Amino acid sequence: MSKRSLSFICQNCGAAASRWQGKCEACGEWNTLTEEGADRPAGPGRKAGKGRLFKLEGLAGDALDAPRLACGVTELDRVTGGGFVRGSVLLMAGDPGIGKSTLLIQATAAMARTGHRAVYISGEEAVAQVRLRAERLGLRDAPVDLAAETSVEDIIATLSEGKVPRLIVIDSIQTMWTEQVESAPGTVSQVRGAAQSLIRFAKRSGAAIILVGHVTKDGQIAGPRVVEHMVDAVLSFEGEGSHQFRILRAVKNRFGPTDEIGVFEMTGAGLREVTNPSELFLSERDLGSPGTAVFAGMEGSRPLLVEIQALVAPTSLGTPRRSVVGWDSSRLSMVLAVLEAHCGVKLGGYDVYLNVAGGMRIQEPAADLAAAAALVSSLANSPLPADAVYFGEVSLSGAIRPVAHAASRLKEAAKLGFARAVVPDAGRGESGGLNADYVGSLASLVADIAALGKPRPAAKTRGQDG
Ligand code: TYD
Ligand code: MG
């Protein structure tokens with residue numbers, strides 16, 4: 001028997017060390033190293049130094065076509081790129097309680113109802129609990145194969161029998177354990193070992209597997225980060241605690257795009273698909289108050305209108321606050337710097353807060369113009385027209401630059417009843433039936449907004465000495 005070497009594995013990042021240390025040298029976290037048995041070599045009874053001969057092939061052979069199978073939950077299928085690819089493994093990551101189990105039992109049931117074998121393995125809940133949830137969601141009659149199991153070897157042995165499942169949900173990967181690895185369930189080595197076995201099973205059988213992974217800041221439970229590079233796609237399920245909206249985003253996808261999002265609403269009867277997210281994000285607009293602008297954005301191939309809210313208030317601190325939710329904070333700093341340098345807007349004496357309504361997160365630079373409009377509107381205490389949308393990128397010189405997909409953005413705005421669009425002067429095109437206000441520079445936008453309203457007296461004095 002070969003001597004087994006012990007190593008210390010960081011529970012945060014998965015780095016290995018030969019001896020115990022207080023701090024992980026790879027990620028810098030403290031007290032995350034625990035002793036774990038090293039993985040046994042794959043394939044028992046293999047002599048050292050002797051490998052099996054295999055056939056090398058060319059690129060031009062028969063490609064096993066990658067047939068996709070849509071599960072019928074349209075928003076989920078959109079994010080995967082049109083359905084689950086045979087033999088692929090997907091990681092669905094998200095905070096506990098966000099709705100991963102709910103979404104996946106709905107997807108499994110939808111798949112089973114189309115006549116394919118769909119399996120749901122829960123390592124966290126008992127069969128009765130899953131049934132209770134399914135009953136509440138109205139899915140009792142769906143022919144799902146259900147089990148509460150945690151041993152990867154048992155799961156693979158059971159699923160190798162009978163008709164090959166088209167979809168297998170493993171909820172969650174942190175609760176699974178494999179005999180291949182000698183350490184406690186939930187450790188990095190176990191999570192990695194269990195994921196490896198399941199990935200091998202997926203490739204061999206052609207079943208698509210979804211692994212659920214909880215993201216926690218707690219170092220005790222191995223994060224699903226170590227699995228990320230092993231799987232074909234990583235989907236992140238996000239949402240703000242106080243909102244009912246849930247957004248599914250592809251972080252990595254070997255078989256599809258990574259910029260599509262799926263939007264759901266958590267209701268008493270499970271997750272409802274939101275087919276027109278713009279309506280939802282604009283449903284609670286506070287019309288006529290200063291500091292809000294509607295941004296006509298794009299998420300993948302789909303236009304999405306969201307409200308950007310800004311508050312610019314005199315500060316009582318030496319260093320004013322800059323706080324942003326749902327947008328990039330360095331982008332905000334850049335827009336503020338351009339306002340100061342090219343538009344004469346002095347913000348040094350003000351706290352600045354920026355928020356994207358509805359718990360949405362925007363990544364496009366096209367939101368610069370809408371953010372700037374909201375900021376200036378708040379500072380000047382001058383409400384922007386309620387029927388206008390904004391998009392355009394602000395350059396460091398203060399010019400407004402054109403952005404892609406202008407036509408789709410304008411079309412979506414017209415569909416939702418907006419009458420005007422404030423858009424970049426460069427790259428004029430179809431206005432999509434809207435009244436277009438072309439702006440060439442941020443300074444001219446600031447002048448237009450300032451002309452609309454009366455600045456607050458307090459804001460004016462603070463602004464000039466700041
Ligand atoms: P769950 O799917 O268990 O989350 P996860 O698997 O990501 O931990 O969802 C749990 C939350 O969803 C819980 O707080 C209750 C809520 N919920 C509803 O609001 N409606 C429903 O129909 C269901 C099933 C859950
Ligand atoms: Mg769950």
# chains A, B, ... in the order shown; residues from 1 in each chain; ligands from 1
$ residues_around --residues "Gly432 of chain A" --least-positions-apart "5" --cutoff "10 Å" --atoms "only C-alpha atoms" --output "MDAnalysis selection string"
chainID A and resid 406:415 420:421
$ residues_around --residues "segment 226-237 of chain A" --least-positions-apart "4" --cutoff "6 Å" --atoms "only C-alpha atoms" --output "MDAnalysis selection string"
chainID A and resid 89:94 247:254
$ closest_atom_pairs --of "chain A" --to "ligand 1" --cutoff "8 Å" --atoms "only C-alpha atoms and all ligand atoms" --output "CSV"
residue,atom,partner,partner_atom_place_in_ligand_line,distance
A:Gly94,CA,ligand 1,7 (O),6.4
A:Asp95,CA,ligand 1,7 (O),6.2
A:Pro96,CA,ligand 1,8 (O),3.9
A:Gly97,CA,ligand 1,8 (O),3.4
A:Ile98,CA,ligand 1,7 (O),4.1
A:Gly99,CA,ligand 1,2 (O),3.2
A:Lys100,CA,ligand 1,7 (O),3.7
A:Ser101,CA,ligand 1,6 (O),3.7
A:Thr102,CA,ligand 1,2 (O),3.7
A:Leu103,CA,ligand 1,2 (O),6.4
A:Leu104,CA,ligand 1,2 (O),8.0
A:Arg133,CA,ligand 1,24 (C),5.6
A:Ala134,CA,ligand 1,24 (C),7.7
A:Arg136,CA,ligand 1,22 (O),6.5
A:Leu137,CA,ligand 1,22 (O),6.0
A:Asp171,CA,ligand 1,6 (O),7.9
A:His214,CA,ligand 1,7 (O),7.5
A:Met266,CA,ligand 1,19 (O),5.4
A:Thr267,CA,ligand 1,20 (N),5.1
A:Gly268,CA,ligand 1,20 (N),4.2
A:Ala269,CA,ligand 1,22 (O),4.0
A:Gly270,CA,ligand 1,22 (O),3.3
A:Leu271,CA,ligand 1,22 (O),6.7
$ residues_around --residues "Ser122 of chain A" --least-positions-apart "4" --cutoff "7 Å" --atoms "only C-alpha atoms" --output "PyMOL selection string"
chain A and resi 147-149+170-172
$ write_last_selection --atoms "N, CA and C atoms" --output "PDB file, in the first residue's frame"
ATOM      1  N   ALA A 147     -35.344  11.798  -4.762  1.00  0.00           N
ATOM      2  CA  ALA A 147     -34.696  11.052  -3.689  1.00  0.00           C
ATOM      3  C   ALA A 147     -33.968  12.018  -2.778  1.00  0.00           C
ATOM      4  N   ALA A 148     -33.781  11.621  -1.533  1.00  0.00           N
ATOM      5  CA  ALA A 148     -32.962  12.385  -0.594  1.00  0.00           C
ATOM      6  C   ALA A 148     -31.730  11.539  -0.316  1.00  0.00           C
ATOM      7  N   GLU A 149     -30.626  11.846  -0.972  1.00  0.00           N
ATOM      8  CA  GLU A 149     -29.403  11.050  -0.873  1.00  0.00           C
ATOM      9  C   GLU A 149     -28.183  11.960  -0.855  1.00  0.00           C
ATOM     10  N   ILE A 170     -28.695  18.166  -8.484  1.00  0.00           N
ATOM     11  CA  ILE A 170     -28.048  17.760  -7.230  1.00  0.00           C
ATOM     12  C   ILE A 170     -28.097  18.975  -6.293  1.00  0.00           C
ATOM     13  N   ASP A 171     -28.913  18.887  -5.276  1.00  0.00           N
ATOM     14  CA  ASP A 171     -29.160  20.034  -4.385  1.00  0.00           C
ATOM     15  C   ASP A 171     -28.701  19.683  -2.973  1.00  0.00           C
ATOM     16  N   SER A 172     -27.583  20.043  -2.505  1.00  0.00           N
ATOM     17  CA  SER A 172     -26.566  20.877  -3.115  1.00  0.00           C
ATOM     18  C   SER A 172     -25.246  20.113  -3.154  1.00  0.00           C
TER      19      SER A 172
END
$ residues_around --residues "Phe391 of chain A" --least-positions-apart "4" --cutoff "6 Å" --atoms "only C-alpha atoms" --output "list of chain:residue names"
A:Phe295, A:Ala296, A:Ala366, A:Ala367, A:Leu369, A:Ala370, A:Val423
$ closest_residue --among "A:Leu211, A:Ala372, A:Ala17, A:Ile261" --to "Leu311 of chain A" --atoms "only C-alpha atoms"
A:Ala372
$ closest_residue --among "A:Cys71, A:Ala126, A:Leu33, A:Ala118" --to "ligand 2" --atoms "only C-alpha atoms and all ligand atoms"
A:Ala126
$ select_by_dssp --residues "segment 213-294 of chain A" --states "strand (DSSP E or B)" --output "PyMOL selection string"
chain A and resi 213-214+233-238+245-253+261-267+270-273+292-294
$ atom_distance --atom1 "atom CA of Glu36 of chain A" --atom2 "atom CA of Gln180 of chain A"
12.5 Å
$ atom_distance --atom1 "atom CA of Asn31 of chain A" --atom2 "atom CA of Arg192 of chain A"
20.3 Å
$ closest_residue --among "A:Ser333, A:Ser382, A:Thr187, A:Thr34" --to "Ser18 of chain A" --atoms "only C-alpha atoms"
A:Thr34
$ closest_residue --among "A:Val212, A:Val191, A:Ala207, A:Ala15" --to "ligand 2" --atoms "only C-alpha atoms and all ligand atoms"
A:Val212
$ atom_distance --atom1 "atom CA of Ala202 of chain A" --atom2 "atom CA of Val169 of chain A"
11.6 Å
$ residues_around --residues "Pro277 of chain A" --least-positions-apart "4" --cutoff "7 Å" --atoms "only C-alpha atoms" --output "ChimeraX atom specification"
/A:263,281,304
$ residues_around --residues "Leu76 of chain A" --least-positions-apart "3" --cutoff "8 Å" --atoms "only C-alpha atoms" --output "ChimeraX atom specification"
/A:73,79-80,83,248,262
$ residues_around --residues "Gly87 of chain A" --least-positions-apart "5" --cutoff "10 Å" --atoms "only C-alpha atoms" --output "PyMOL selection string"
chain A and resi 66-67+166-167+199-209+232
$ closest_residue --among "A:Lys23, A:Arg401, A:Lys346, A:Arg78" --to "Pro314 of chain A" --atoms "only C-alpha atoms"
A:Lys346
$ closest_residue --among "A:Gln129, A:Thr275, A:Thr319, A:Asn435" --to "ligand 2" --atoms "only C-alpha atoms and all ligand atoms"
A:Gln129
